[in-house]
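As stored in model09.csv (CSV, C-alpha atoms (C1' of nucleotides)):
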chain,number,residue,atom,x,y,z
A,1,MET,CA,31.7,-4.2,-13.3
A,2,ALA,CA,28.0,-4.1,-12.6
A,3,ASP,CA,28.3,-6.2,-9.5
A,4,ILE,CA,28.9,-3.6,-6.8
A,5,ASN,CA,26.7,-2.5,-4.0
A,6,ILE,CA,24.5,-0.1,-5.8
A,7,LEU,CA,23.2,1.4,-2.5
A,8,ALA,CA,26.6,1.9,-0.9
A,9,ALA,CA,27.9,5.4,-0.3
A,10,PRO,CA,30.1,6.6,-3.1
A,11,PRO,CA,33.8,7.3,-2.7
A,12,ALA,CA,34.3,10.6,-0.7
A,13,GLN,CA,35.3,12.8,-3.7
A,14,ALA,CA,32.0,12.3,-5.5
A,15,GLU,CA,29.8,15.4,-5.4
A,16,ARG,CA,26.1,15.7,-5.7
A,17,ALA,CA,24.2,18.4,-7.5
A,18,ALA,CA,23.8,21.7,-5.7
A,19,PRO,CA,20.7,21.6,-3.6
A,20,ALA,CA,19.2,24.7,-5.3
A,21,GLU,CA,18.6,22.9,-8.5
A,22,ARG,CA,18.0,19.4,-7.4
A,23,GLY,CA,15.2,17.7,-9.2
A,24,GLU,CA,14.7,20.5,-11.7
A,25,ASP,CA,14.9,18.3,-14.7
A,26,ALA,CA,14.4,14.9,-13.1
A,27,PRO,CA,12.9,12.3,-15.4
A,28,LEU,CA,9.4,11.1,-14.6
A,29,VAL,CA,10.7,7.7,-13.6
A,30,ASP,CA,12.6,9.4,-10.8
A,31,LEU,CA,9.4,10.7,-9.4
A,32,ILE,CA,7.8,7.3,-9.7
A,33,GLU,CA,10.5,5.9,-7.5
A,34,LEU,CA,10.5,8.8,-5.0
A,35,PHE,CA,6.7,8.3,-4.7
A,36,PHE,CA,7.2,4.7,-3.9
A,37,PHE,CA,9.9,5.4,-1.2
A,38,ALA,CA,7.9,8.3,0.2
A,39,TYR,CA,4.8,6.2,0.7
A,40,ARG,CA,6.8,3.4,2.2
A,41,ASP,CA,8.1,5.6,4.9
A,42,PHE,CA,4.8,7.5,5.3
A,43,VAL,CA,2.9,4.3,6.2
A,44,GLY,CA,5.9,3.2,8.3
A,45,ASP,CA,5.0,5.8,10.9
A,46,PRO,CA,1.6,4.3,12.0
A,47,ASP,CA,3.1,0.8,11.7
A,48,GLU,CA,5.4,1.5,14.6
A,49,ILE,CA,2.6,2.8,16.7
A,50,LEU,CA,0.3,-0.2,15.9
A,51,ALA,CA,2.8,-3.0,16.2
A,52,PRO,CA,2.7,-3.1,20.1
A,53,ILE,CA,-1.1,-3.1,20.1
A,54,GLY,CA,-1.3,-6.0,17.7
A,55,PHE,CA,-3.1,-4.0,15.0
A,56,GLY,CA,-2.0,-3.5,11.4
A,57,ARG,CA,-2.4,-1.1,8.5
A,58,ALA,CA,-6.0,-2.0,7.9
A,59,HIS,CA,-6.8,-0.8,11.5
A,60,HIS,CA,-4.9,2.4,11.0
A,61,ARG,CA,-6.9,3.3,7.9
A,62,VAL,CA,-10.2,2.6,9.6
A,63,ILE,CA,-9.3,4.5,12.8
A,64,HIS,CA,-8.0,7.4,10.8
A,65,PHE,CA,-11.1,7.9,8.6
A,66,VAL,CA,-13.6,7.3,11.3
A,67,ASN,CA,-11.9,9.8,13.5
A,68,ARG,CA,-11.6,12.4,10.8
A,69,HIS,CA,-15.1,11.9,9.5
A,70,PRO,CA,-17.1,10.9,12.6
A,71,GLY,CA,-20.6,9.7,12.0
A,72,MET,CA,-19.7,8.3,8.6
A,73,ARG,CA,-21.6,5.3,7.4
A,74,VAL,CA,-20.1,1.9,6.8
A,75,THR,CA,-20.8,2.3,3.1
A,76,ASP,CA,-18.9,5.5,3.0
A,77,LEU,CA,-15.9,3.8,4.5
A,78,LEU,CA,-16.2,1.0,1.9
A,79,ASP,CA,-16.2,3.5,-0.9
A,80,ILE,CA,-13.1,5.2,0.5
A,81,LEU,CA,-11.1,2.2,1.3
A,82,ARG,CA,-12.2,0.2,-1.8
A,83,ILE,CA,-12.3,-3.1,0.0
A,84,THR,CA,-15.1,-5.5,0.4
A,85,LYS,CA,-17.6,-5.5,3.2
A,86,GLN,CA,-16.2,-8.7,4.5
A,87,SER,CA,-12.6,-7.4,4.8
A,88,LEU,CA,-13.8,-4.3,6.5
A,89,GLY,CA,-16.2,-6.2,8.7
A,90,ARG,CA,-13.4,-8.2,10.3
A,91,VAL,CA,-11.3,-5.2,11.1
A,92,LEU,CA,-14.2,-3.1,12.2
A,93,ARG,CA,-15.4,-5.9,14.6
A,94,GLU,CA,-12.0,-6.0,16.3
A,95,LEU,CA,-11.9,-2.2,16.6
A,96,VAL,CA,-15.4,-2.1,18.1
A,97,ASP,CA,-14.6,-5.1,20.4
A,98,GLU,CA,-11.5,-3.4,21.7
A,99,GLY,CA,-13.2,-0.1,22.3
A,100,PHE,CA,-11.6,2.1,19.6
A,101,VAL,CA,-14.7,2.6,17.5
A,102,GLU,CA,-18.4,2.8,18.3
A,103,SER,CA,-21.2,2.1,15.9
A,104,ARG,CA,-24.7,3.6,16.5
A,105,ALA,CA,-27.9,3.3,14.5
A,106,GLY,CA,-28.6,6.3,12.3
A,107,ALA,CA,-31.3,8.7,13.5
A,108,SER,CA,-33.1,9.3,10.2
A,109,ASP,CA,-32.4,5.9,8.7
A,110,ARG,CA,-32.1,3.2,11.3
A,111,ARG,CA,-30.6,0.6,8.9
A,112,GLN,CA,-27.4,2.6,8.9
A,113,ARG,CA,-24.6,2.1,11.3
A,114,LEU,CA,-22.8,5.4,11.9
A,115,LEU,CA,-19.2,5.1,13.1
A,116,PHE,CA,-17.6,7.2,15.8
A,117,PRO,CA,-14.3,7.1,17.5
A,118,THR,CA,-14.3,6.5,21.2
A,119,PRO,CA,-12.0,8.7,23.3
A,120,LYS,CA,-9.5,5.8,23.1
A,121,GLY,CA,-9.8,5.8,19.4
A,122,GLU,CA,-9.4,9.6,19.2
A,123,THR,CA,-6.2,9.4,21.2
A,124,LEU,CA,-4.8,6.8,18.8
A,125,ALA,CA,-5.9,8.7,15.8
A,126,ARG,CA,-4.3,11.8,17.1
A,127,GLN,CA,-1.0,10.0,17.4
A,128,PHE,CA,-1.2,9.0,13.7
A,129,THR,CA,-2.0,12.4,12.4
A,130,GLU,CA,0.7,14.0,14.6
A,131,ILE,CA,3.5,11.8,13.4
A,132,GLN,CA,2.4,11.8,9.8
A,133,GLY,CA,1.7,15.5,9.9
A,134,ARG,CA,5.2,16.1,11.2
A,135,ARG,CA,6.6,14.2,8.3
A,136,ILE,CA,4.6,16.2,5.8
A,137,SER,CA,5.4,19.5,7.6
A,138,ARG,CA,9.1,18.7,7.3
A,139,ALA,CA,8.6,17.9,3.6
A,140,LEU,CA,6.9,21.2,3.0
A,141,ASP,CA,9.7,23.0,4.6
A,142,ALA,CA,12.0,21.7,1.9
A,143,CYS,CA,9.7,23.2,-0.8
A,144,GLY,CA,9.8,26.9,-0.3
A,145,PRO,CA,7.0,29.4,0.2
A,146,ASN,CA,4.4,27.8,-2.1
A,147,GLY,CA,5.1,24.3,-1.1
A,148,ARG,CA,1.8,23.6,0.5
A,149,GLU,CA,-0.3,24.7,-2.4
A,150,GLY,CA,2.0,22.9,-4.8
A,151,ALA,CA,1.8,19.6,-2.8
A,152,TYR,CA,-2.0,19.9,-2.5
A,153,ARG,CA,-2.4,20.4,-6.3
A,154,PHE,CA,0.1,17.7,-7.1
A,155,LEU,CA,-1.5,15.1,-4.9
A,156,LEU,CA,-5.0,16.0,-5.9
A,157,ALA,CA,-4.1,15.7,-9.6
A,158,MET,CA,-2.5,12.3,-8.9
A,159,ILE,CA,-6.0,11.0,-8.0
A,160,ASN,CA,-8.2,9.6,-10.8
A,161,PRO,CA,-10.1,12.5,-12.3
A,162,ASP,CA,-13.5,10.8,-11.6
A,163,ASP,CA,-12.7,10.7,-7.9
A,164,ARG,CA,-11.2,14.1,-7.4
A,165,ALA,CA,-14.4,16.0,-6.7
A,166,ALA,CA,-15.6,13.5,-4.1
A,167,VAL,CA,-12.2,13.5,-2.4
A,168,GLU,CA,-12.1,17.3,-2.2
A,169,ARG,CA,-15.7,17.4,-0.9
A,170,LEU,CA,-14.8,14.9,1.7
A,171,ILE,CA,-11.8,16.8,2.9
A,172,GLN,CA,-13.5,20.2,2.9
A,173,ARG,CA,-16.5,18.8,4.7
A,174,ALA,CA,-14.2,17.5,7.5
A,175,ASP,CA,-12.3,20.7,7.7
A,176,LYS,CA,-15.5,22.7,8.0
A,177,ALA,CA,-16.8,20.4,10.8
A,178,ARG,CA,-13.5,20.7,12.6
A,179,ARG,CA,-13.6,24.5,12.6
A,180,ALA,CA,-17.2,24.5,13.9
B,1,MET,CA,-28.2,14.9,10.9
B,2,ALA,CA,-24.9,13.2,10.5
B,3,ASP,CA,-26.3,10.3,8.7
B,4,ILE,CA,-26.2,11.4,5.1
B,5,ASN,CA,-24.0,10.2,2.3
B,6,ILE,CA,-20.8,12.0,2.9
B,7,LEU,CA,-19.4,11.2,-0.5
B,8,ALA,CA,-22.5,12.3,-2.5
B,9,ALA,CA,-22.4,15.4,-4.7
B,10,PRO,CA,-23.6,18.5,-3.0
B,11,PRO,CA,-26.7,20.3,-4.1
B,12,ALA,CA,-26.1,22.3,-7.2
B,13,GLN,CA,-25.8,25.7,-5.7
B,14,ALA,CA,-22.8,24.8,-3.6
B,15,GLU,CA,-19.5,26.4,-4.8
B,16,ARG,CA,-16.0,25.3,-4.4
B,17,ALA,CA,-13.0,27.5,-3.8
B,18,ALA,CA,-11.6,29.2,-6.8
B,19,PRO,CA,-8.9,26.9,-8.4
B,20,ALA,CA,-6.2,29.5,-8.2
B,21,GLU,CA,-6.1,29.4,-4.4
B,22,ARG,CA,-6.9,25.8,-3.8
B,23,GLY,CA,-4.9,24.1,-1.1
B,24,GLU,CA,-3.1,27.3,-0.1
B,25,ASP,CA,-3.9,26.9,3.6
B,26,ALA,CA,-5.0,23.3,3.7
B,27,PRO,CA,-4.4,21.7,7.0
B,28,LEU,CA,-1.7,19.0,7.2
B,29,VAL,CA,-4.4,16.4,7.7
B,30,ASP,CA,-5.8,17.2,4.2
B,31,LEU,CA,-2.4,16.3,2.7
B,32,ILE,CA,-2.3,13.1,4.7
B,33,GLU,CA,-5.6,12.0,3.1
B,34,LEU,CA,-4.6,13.2,-0.4
B,35,PHE,CA,-1.4,11.2,-0.1
B,36,PHE,CA,-3.4,8.1,0.7
B,37,PHE,CA,-5.8,8.6,-2.2
B,38,ALA,CA,-3.0,9.5,-4.6
B,39,TYR,CA,-1.1,6.4,-3.8
B,40,ARG,CA,-4.2,4.2,-4.0
B,41,ASP,CA,-4.7,5.3,-7.6
B,42,PHE,CA,-1.0,5.3,-8.4
B,43,VAL,CA,-0.6,1.6,-7.7
B,44,GLY,CA,-4.0,0.9,-9.3
B,45,ASP,CA,-2.4,1.5,-12.7
B,46,PRO,CA,0.0,-1.5,-12.7
B,47,ASP,CA,-2.7,-3.6,-11.0
B,48,GLU,CA,-4.8,-3.4,-14.1
B,49,ILE,CA,-1.9,-4.4,-16.3
B,50,LEU,CA,-1.0,-7.3,-14.0
B,51,ALA,CA,-4.4,-8.8,-13.3
B,52,PRO,CA,-4.7,-10.5,-16.7
B,53,ILE,CA,-1.2,-12.1,-16.4
B,54,GLY,CA,-1.9,-13.4,-12.9
B,55,PHE,CA,0.7,-11.3,-11.2
B,56,GLY,CA,0.3,-8.9,-8.3
B,57,ARG,CA,1.9,-5.8,-6.8
B,58,ALA,CA,4.9,-7.7,-5.5
B,59,HIS,CA,5.7,-8.7,-9.1
B,60,HIS,CA,5.3,-5.1,-10.2
B,61,ARG,CA,7.8,-3.8,-7.7
B,62,VAL,CA,10.4,-6.4,-8.6
B,63,ILE,CA,10.1,-5.9,-12.4
B,64,HIS,CA,10.2,-2.2,-12.0
B,65,PHE,CA,13.4,-2.1,-10.0
B,66,VAL,CA,15.2,-4.8,-11.9
B,67,ASN,CA,14.4,-3.0,-15.1
B,68,ARG,CA,15.4,0.4,-13.8
B,69,HIS,CA,18.6,-0.8,-12.2
B,70,PRO,CA,19.7,-3.8,-14.3
B,71,GLY,CA,22.4,-5.9,-12.8
B,72,MET,CA,21.4,-5.2,-9.2
B,73,ARG,CA,22.1,-7.8,-6.6
B,74,VAL,CA,19.4,-9.7,-4.7
B,75,THR,CA,20.6,-8.0,-1.6
B,76,ASP,CA,20.1,-4.5,-3.2
B,77,LEU,CA,16.5,-5.5,-4.0
B,78,LEU,CA,15.9,-6.7,-0.5
B,79,ASP,CA,17.2,-3.3,0.9
B,80,ILE,CA,14.9,-1.4,-1.4
B,81,LEU,CA,11.8,-3.4,-0.9
B,82,ARG,CA,12.3,-4.0,2.8
B,83,ILE,CA,10.9,-7.5,2.7
B,84,THR,CA,12.4,-10.8,3.7
B,85,LYS,CA,14.6,-13.0,1.5
B,86,GLN,CA,11.8,-15.6,1.6
B,87,SER,CA,9.1,-13.3,0.4
B,88,LEU,CA,11.2,-12.0,-2.4
B,89,GLY,CA,12.4,-15.5,-3.3
B,90,ARG,CA,8.9,-16.6,-4.0
B,91,VAL,CA,8.1,-13.7,-6.3
B,92,LEU,CA,11.5,-13.8,-8.0
B,93,ARG,CA,11.2,-17.5,-8.8
B,94,GLU,CA,7.9,-16.9,-10.6
B,95,LEU,CA,9.4,-14.1,-12.6
B,96,VAL,CA,12.4,-16.1,-13.6
B,97,ASP,CA,10.3,-19.2,-14.4
B,98,GLU,CA,8.0,-17.2,-16.6
B,99,GLY,CA,10.9,-15.4,-18.3
B,100,PHE,CA,10.6,-11.9,-17.1
B,101,VAL,CA,13.8,-11.7,-15.1
B,102,GLU,CA,17.1,-13.4,-15.6
B,103,SER,CA,19.7,-14.0,-12.9
B,104,ARG,CA,23.4,-14.4,-13.7
B,105,ALA,CA,26.3,-15.0,-11.4
B,106,GLY,CA,28.4,-11.9,-10.7
B,107,ALA,CA,31.7,-11.6,-12.6
B,108,SER,CA,33.9,-10.4,-9.8
B,109,ASP,CA,32.0,-12.2,-7.0
B,110,ARG,CA,30.4,-15.4,-8.2
B,111,ARG,CA,28.3,-15.8,-5.1
B,112,GLN,CA,26.2,-12.9,-6.2
B,113,ARG,CA,23.2,-13.3,-8.5
B,114,LEU,CA,22.8,-10.2,-10.6
B,115,LEU,CA,19.3,-9.5,-11.9
B,116,PHE,CA,18.4,-8.4,-15.4
B,117,PRO,CA,15.1,-8.0,-17.2
B,118,THR,CA,14.5,-10.1,-20.3
B,119,PRO,CA,13.1,-8.4,-23.4
B,120,LYS,CA,9.7,-9.6,-22.1
B,121,GLY,CA,10.4,-8.1,-18.8
B,122,GLU,CA,11.5,-4.8,-20.3
B,123,THR,CA,8.3,-4.6,-22.3
B,124,LEU,CA,6.2,-5.1,-19.2
B,125,ALA,CA,8.3,-2.6,-17.2
B,126,ARG,CA,7.9,0.0,-19.9
B,127,GLN,CA,4.1,-0.4,-19.7
B,128,PHE,CA,4.3,0.4,-16.0
B,129,THR,CA,6.5,3.4,-16.3
B,130,GLU,CA,4.5,4.8,-19.2
B,131,ILE,CA,1.2,4.6,-17.4
B,132,GLN,CA,2.5,5.9,-14.1
B,133,GLY,CA,4.6,8.5,-15.8
B,134,ARG,CA,1.5,9.8,-17.6
B,135,ARG,CA,-0.2,10.1,-14.3
B,136,ILE,CA,2.7,12.0,-12.8
B,137,SER,CA,3.0,14.2,-15.8
B,138,ARG,CA,-0.6,15.1,-15.6
B,139,ALA,CA,-0.2,15.9,-12.0
B,140,LEU,CA,2.8,18.2,-12.7
B,141,ASP,CA,0.8,20.1,-15.2
B,142,ALA,CA,-1.5,21.1,-12.4
B,143,CYS,CA,1.4,22.6,-10.5
B,144,GLY,CA,2.7,25.4,-12.6
B,145,PRO,CA,6.2,26.0,-13.9
B,146,ASN,CA,8.3,24.8,-10.9
B,147,GLY,CA,6.1,21.8,-10.3
B,148,ARG,CA,8.7,19.2,-11.1
B,149,GLU,CA,11.3,20.6,-8.8
B,150,GLY,CA,8.7,21.1,-6.1
B,151,ALA,CA,7.4,17.5,-6.4
B,152,TYR,CA,10.9,16.1,-6.4
B,153,ARG,CA,11.8,18.0,-3.2
B,154,PHE,CA,8.6,17.2,-1.5
B,155,LEU,CA,8.8,13.5,-2.2
B,156,LEU,CA,12.4,13.3,-1.3
B,157,ALA,CA,11.8,15.1,2.0
B,158,MET,CA,9.0,12.6,2.8
B,159,ILE,CA,11.6,9.8,2.9
B,160,ASN,CA,13.3,9.0,6.2
B,161,PRO,CA,16.3,11.3,6.5
B,162,ASP,CA,18.7,8.4,6.9
B,163,ASP,CA,17.6,6.9,3.6
B,164,ARG,CA,17.5,10.0,1.4
B,165,ALA,CA,21.1,10.0,0.3
B,166,ALA,CA,20.9,6.3,-0.7
B,167,VAL,CA,17.7,6.9,-2.7
B,168,GLU,CA,19.1,9.9,-4.5
B,169,ARG,CA,22.3,8.0,-5.3
B,170,LEU,CA,20.2,5.1,-6.6
B,171,ILE,CA,18.2,7.3,-8.8
B,172,GLN,CA,21.0,9.4,-10.1
B,173,ARG,CA,23.0,6.3,-10.9
B,174,ALA,CA,20.2,4.9,-12.9
B,175,ASP,CA,19.7,8.2,-14.8
B,176,LYS,CA,23.4,8.3,-15.6
B,177,ALA,CA,23.4,4.7,-16.9
B,178,ARG,CA,20.3,5.5,-19.0
B,179,ARG,CA,21.9,8.5,-20.7
B,180,ALA,CA,25.0,6.5,-21.5
C,1,DC,C1',-50.5,-2.6,2.1
C,2,DG,C1',-47.1,-5.5,0.2
C,3,DA,C1',-43.1,-6.1,-2.8
C,4,DA,C1',-38.7,-4.6,-3.8
C,5,DA,C1',-34.5,-2.4,-2.6
C,6,DA,C1',-31.0,-0.8,0.5
C,7,DA,C1',-27.8,-1.1,4.6
C,8,DA,C1',-25.5,-4.0,7.2
C,9,DG,C1',-23.7,-8.3,9.0
C,10,DT,C1',-22.1,-13.2,8.7
C,11,DC,C1',-20.3,-17.8,7.2
C,12,DA,C1',-17.1,-20.4,4.5
C,13,DA,C1',-13.4,-20.9,1.4
C,14,DC,C1',-9.5,-19.2,-0.9
C,15,DA,C1',-5.3,-16.0,-2.7
C,16,DT,C1',-1.6,-12.9,-2.0
C,17,DG,C1',2.2,-11.5,0.2
C,18,DG,C1',4.1,-10.5,4.3
C,19,DC,C1',6.6,-13.0,8.5
C,20,DT,C1',9.9,-16.4,11.5
C,21,DG,C1',13.0,-20.2,12.1
C,22,DA,C1',16.0,-23.6,10.5
C,23,DC,C1',19.1,-25.2,7.4
C,24,DA,C1',22.1,-25.9,2.8
C,25,DT,C1',25.5,-24.5,-0.6
C,26,DA,C1',28.9,-22.0,-2.8
C,27,DA,C1',32.3,-18.6,-2.8
C,28,DA,C1',35.2,-15.3,-0.7
C,29,DC,C1',38.1,-13.8,2.9
C,30,DA,C1',41.3,-13.6,6.9
D,1,DT,C1',41.5,-23.8,7.0
D,2,DG,C1',37.9,-21.9,9.4
D,3,DT,C1',34.6,-18.1,9.2
D,4,DT,C1',31.7,-15.1,6.9
D,5,DT,C1',28.8,-13.7,3.1
D,6,DA,C1',25.3,-14.1,-0.6
D,7,DT,C1',21.9,-16.8,-2.0
D,8,DG,C1',18.3,-20.2,-1.9
D,9,DT,C1',14.9,-23.3,0.2
D,10,DC,C1',11.5,-25.9,3.2
D,11,DA,C1',7.8,-25.5,6.4
D,12,DG,C1',4.4,-23.0,8.8
D,13,DC,C1',2.0,-18.9,10.3
D,14,DC,C1',-0.5,-14.4,10.0
D,15,DA,C1',-2.8,-10.2,8.0
D,16,DT,C1',-5.6,-8.7,4.8
D,17,DG,C1',-7.5,-9.0,0.6
D,18,DT,C1',-11.1,-11.8,-2.5
D,19,DT,C1',-15.8,-14.4,-4.1
D,20,DG,C1',-20.3,-16.3,-3.3
D,21,DA,C1',-24.3,-17.2,-0.6
D,22,DC,C1',-27.5,-15.9,2.6
D,23,DT,C1',-30.0,-13.2,6.7
D,24,DT,C1',-32.1,-9.4,9.1
D,25,DT,C1',-33.8,-4.9,9.5
D,26,DT,C1',-35.6,-1.0,7.6
D,27,DT,C1',-37.0,2.0,4.0
D,28,DT,C1',-39.1,3.1,-0.2
D,29,DC,C1',-42.3,2.9,-3.8
D,30,DG,C1',-46.1,1.1,-6.8
Could you render the structure from this file as structure tokens?
Amino acid sequence: MADINILAAPPAQAERAAPAERGEDAPLVDLIELFFFAYRDFVGDPDEILAPIGFGRAHHRVIHFVNRHPGMRVTDLLDILRITKQSLGRVLRELVDEGFVESRAGASDRRQRLLFPTPKGETLARQFTEIQGRRISRALDACGPNGREGAYRFLLAMINPDDRAAVERLIQRADKARRA
Amino acid sequence: MADINILAAPPAQAERAAPAERGEDAPLVDLIELFFFAYRDFVGDPDEILAPIGFGRAHHRVIHFVNRHPGMRVTDLLDILRITKQSLGRVLRELVDEGFVESRAGASDRRQRLLFPTPKGETLARQFTEIQGRRISRALDACGPNGREGAYRFLLAMINPDDRAAVERLIQRADKARRA
DNA sequence: CGAAAAAAGTCAACATGGCTGACATAAACA
DNA sequence: TGTTTATGTCAGCCATGTTGACTTTTTTCG
């Protein structure tokens, strides 16, 4: 009785809940699973772009953040990614060697290496944000008028309380720089 | 001028936007980054529980799905996790060996191996859903009255269109079984 | 000035969790 | 009875994380 394909389409007569009320009283565990599936597909987008170039997810993350926050220090990137210097070093070297990222000594503190995307890096980064942005945009369309604010608040509140302020600062700083 | 700590707290006089309107007109790229940070912390929860036992994220995912959908076939799990039989096999063997998961031959098709959590596995799975559920619950609180419905729709619409129906069926099937 | 601390980089070794390819077994199906 | 399906397994490889030790350059501070 339990051994049927639990992913198969149901017999034709089965009906789903009306779209208008879908998810209204979904248990938390539903949202846990949706979050898992959503992220799986979300990171699948850049995977497809990177596979032909021989890069992976680690490269995606670095290119994204360097492009979004040009001039960031290596330490900043380490804090964001929460990986070790050695792990980052490997990926960063490949990106510099292949001309996606450039690292220059800091002006006021010459110990620092500030990271910038090259034009090649910018082009790649734009592809990432375009495809992921389209996915998010589609998702917001499914949420009605206040969807964007709701998604922003939901995702922000999913972050550890101690880190929220830093993340918001990071984001707002980048937005401001972009508008300038 | 660019080489300062981009994650540091700003000087005291800087003010953030009023909470009421936060995120209202956030660019899509903000949401991309928030999604990244949110998931990072979301999977950090089970990581902490698993580290002492010597298990990793792969084990978390298997225990979660087996517990939530008891009696699922190995093939179902492969479809959900999108990994190879060999990768799953390694993890599954460890979980069976250490008594977290049990696999029984299917009743109507004896080639199948149906997966069930042991009491030990259930206990562990409950810890995962509790801590992750608390995080989600907190996040929903930040979203106002229709937060749950909004989050459900947003996350569902983030999933590849082709997979949405299967995911919803999976979830609803599990909810129904749980209520029964 | 000189010592200490900070930013970055590097080497080596190892763990986890993906992957491919090849192959084996049992059960179901046509 | 032959083929397909569901599962499992061996062997090896790759990407990306980890720890620990150590170096170089530059800044900071007593």
Chain C residues within 12 Å of chain A, counting only C-alpha atoms (C1' of nucleotides): which ones, as a ChimeraX atom specification?
/C:6-12,18
Report as JSON lines the residues of chain D within 9 Å of chain A, each with its shortest atom pair and distance in Å (one decimal), using only C-alpha atoms (C1' of nucleotides), ordered by chain and increasing residue number.
{"residue": "D:DA15", "atom": "C1'", "partner": "A:Gly56", "partner_atom": "CA", "distance": 7.6}
{"residue": "D:DT16", "atom": "C1'", "partner": "A:Ser87", "partner_atom": "CA", "distance": 7.1}
{"residue": "D:DG17", "atom": "C1'", "partner": "A:Ser87", "partner_atom": "CA", "distance": 6.8}
{"residue": "D:DT18", "atom": "C1'", "partner": "A:Thr84", "partner_atom": "CA", "distance": 8.0}
{"residue": "D:DT25", "atom": "C1'", "partner": "A:Arg111", "partner_atom": "CA", "distance": 6.4}
{"residue": "D:DT26", "atom": "C1'", "partner": "A:Arg111", "partner_atom": "CA", "distance": 5.4}
{"residue": "D:DT27", "atom": "C1'", "partner": "A:Asp109", "partner_atom": "CA", "distance": 7.6}
Kindly determine which residues of chain B lie within 6 Å of chain A, considering all atoms listed in the file, and give the answer as number ranges by chain.
B: 2-3, 7, 23-24, 28, 34, 38, 41, 71, 106, 133, 139, 143, 149-150, 152, 154-155, 157-159, 166
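For the atom pair formed by atom CA of Ile49 of chain A and atom CA of Glu122 of chain A, the distance is 14.0 Å, given to one decimal.
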Quick one: pull the distance between atom CA of Pro145 of chain A and atom CA of Pro145 of chain B, Å, one decimal.
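So the two atoms, atom CA of Pro145 of chain A and atom CA of Pro145 of chain B, lie 14.5 Å apart.
A straight line drawn from atom C1' of DT9 of chain D to atom C1' of DG17 of chain C is 17.3 Å long.
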Select segment 107-111 of chain B in the preceding structure and write all heavy atoms to a file as a PDB file, in the first residue's frame.
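File part14.pdb, as written:
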ATOM      1  N   ALA B 107       5.821  -4.545  -0.405  1.00  0.00           N
ATOM      2  CA  ALA B 107       4.850  -5.633  -0.309  1.00  0.00           C
ATOM      3  C   ALA B 107       4.382  -6.060  -1.699  1.00  0.00           C
ATOM      4  O   ALA B 107       4.395  -7.240  -2.040  1.00  0.00           O
ATOM      5  CB  ALA B 107       3.657  -5.187   0.537  1.00  0.00           C
ATOM      6  N   SER B 108       4.011  -5.106  -2.518  1.00  0.00           N
ATOM      7  CA  SER B 108       3.460  -5.463  -3.824  1.00  0.00           C
ATOM      8  C   SER B 108       4.564  -5.636  -4.869  1.00  0.00           C
ATOM      9  O   SER B 108       4.387  -6.321  -5.861  1.00  0.00           O
ATOM     10  CB  SER B 108       2.464  -4.391  -4.277  1.00  0.00           C
ATOM     11  OG  SER B 108       3.151  -3.204  -4.606  1.00  0.00           O
ATOM     12  N   ASP B 109       5.705  -5.025  -4.648  1.00  0.00           N
ATOM     13  CA  ASP B 109       6.834  -5.184  -5.572  1.00  0.00           C
ATOM     14  C   ASP B 109       8.084  -5.412  -4.728  1.00  0.00           C
ATOM     15  O   ASP B 109       8.629  -4.485  -4.150  1.00  0.00           O
ATOM     16  CB  ASP B 109       6.982  -3.936  -6.450  1.00  0.00           C
ATOM     17  CG  ASP B 109       8.088  -4.101  -7.486  1.00  0.00           C
ATOM     18  OD1 ASP B 109       8.997  -4.927  -7.254  1.00  0.00           O
ATOM     19  OD2 ASP B 109       8.056  -3.402  -8.511  1.00  0.00           O
ATOM     20  N   ARG B 110       8.512  -6.645  -4.692  1.00  0.00           N
ATOM     21  CA  ARG B 110       9.563  -6.971  -3.730  1.00  0.00           C
ATOM     22  C   ARG B 110      10.958  -6.573  -4.182  1.00  0.00           C
ATOM     23  O   ARG B 110      11.935  -6.789  -3.471  1.00  0.00           O
ATOM     24  CB  ARG B 110       9.501  -8.461  -3.373  1.00  0.00           C
ATOM     25  CG  ARG B 110       8.084  -8.847  -2.894  1.00  0.00           C
ATOM     26  CD  ARG B 110       8.048 -10.059  -2.001  1.00  0.00           C
ATOM     27  NE  ARG B 110       9.316 -10.417  -1.421  1.00  0.00           N
ATOM     28  CZ  ARG B 110       9.903 -11.600  -1.577  1.00  0.00           C
ATOM     29  NH1 ARG B 110       9.327 -12.526  -2.331  1.00  0.00           N
ATOM     30  NH2 ARG B 110      11.040 -11.858  -0.983  1.00  0.00           N
ATOM     31  N   ARG B 111      11.065  -5.956  -5.361  1.00  0.00           N
ATOM     32  CA  ARG B 111      12.366  -5.394  -5.742  1.00  0.00           C
ATOM     33  C   ARG B 111      12.627  -4.100  -4.987  1.00  0.00           C
ATOM     34  O   ARG B 111      13.757  -3.723  -4.731  1.00  0.00           O
ATOM     35  CB  ARG B 111      12.387  -5.063  -7.242  1.00  0.00           C
ATOM     36  CG  ARG B 111      12.451  -6.238  -8.148  1.00  0.00           C
ATOM     37  CD  ARG B 111      12.269  -5.785  -9.568  1.00  0.00           C
ATOM     38  NE  ARG B 111      11.021  -5.014  -9.742  1.00  0.00           N
ATOM     39  CZ  ARG B 111      10.602  -4.523 -10.898  1.00  0.00           C
ATOM     40  NH1 ARG B 111      11.330  -4.699 -11.985  1.00  0.00           N
ATOM     41  NH2 ARG B 111       9.480  -3.865 -10.986  1.00  0.00           N
TER      42      ARG B 111
END
